[in-house]
Amino acid sequence: MSLIDAYLKDTGEKKTNVLWVFYNDLSAATLTLIKGAPAVTFRVKIQASASGAHTDCAGTVTVNAETVTFTAAATKTTTTNLTALPTITTANLDCNLNISAINTGGADIYEAVYTAFACRWEAVSKAFVQSTGTWTQSAAKVITKEVYAVADYLRKYGTTTEITIKRINTVTNADGEVEFIEYTL
């Protein structure tokens with residue numbers, strides 16, 4: 001264990017937005033959905049595509065009572081607004097189906113996924129000059145070995161306040177290897 005590993009005694013979380021995917025696999029008569037319904041009214045987007053030897057994208061996908069017909073590989077959406085997890089069945093398809101949630105306006109719905117990482121979280125306020133030449137105020141400093149980018153969202157484990165990375169300082173050893181990275185939030 002290195003000295004920096006012993007210093008990283010806190011836990012932070014990085015936020016990643018991922019598509020709200022119900023199903024992404026080969027077609028089956030009744031699909032087993034891998035995620036529950038989002039907390040907002042939604043519709044369903046269905047992408048039928050060839051996958052290896054599974055190339056027959058002509059058939060139907062039924063979402064509750066609404067049937068969507070495919071004559072070839074394509075992306076189609078339902079028109080029925082939903083608030084609960086639907087039952088989805090298929091007929092005459094032998095292809096890959098990627099089924100996700102979209103909002104009533106047709107935009108993809110994302111969910112926030114948080115990935116934990118070891119860090120040293122210091123709630124310090126510091127003024128600094130951004131690359132644009134303007135002054136800004138930081139809310140925290142985070143030291144870790146994880147590589148993130150400016151504008152990524154981090155939060156301290158156990159809190160709900162997300163703070164964006166404003167500045168990155170990489171600290172290397174005498175051999176030029178990265179020892180740790182300091183993020184100004």
# chains A, B, ... in the order shown; residues from 1 in each chain; ligands from 1
$ residues_around --residues "range 138-150 of chain A" --least-positions-apart "5" --cutoff "12 Å" --atoms "only C-alpha atoms" --output "PyMOL selection string"
chain A and resi 2+4-16+115-131+155-156+161-172+177-185
$ residues_around --residues "range 21-37 of chain A" --least-positions-apart "5" --cutoff "12 Å" --atoms "only C-alpha atoms" --output "PyMOL selection string"
chain A and resi 42-64+82-103+108-111
$ atom_distance --atom1 "CA of Asn81 in chain A" --atom2 "CA of Thr104 in chain A"
6.8 Å
$ atom_distance --atom1 "CA of Ala39 in chain A" --atom2 "CA of Val113 in chain A"
15.2 Å
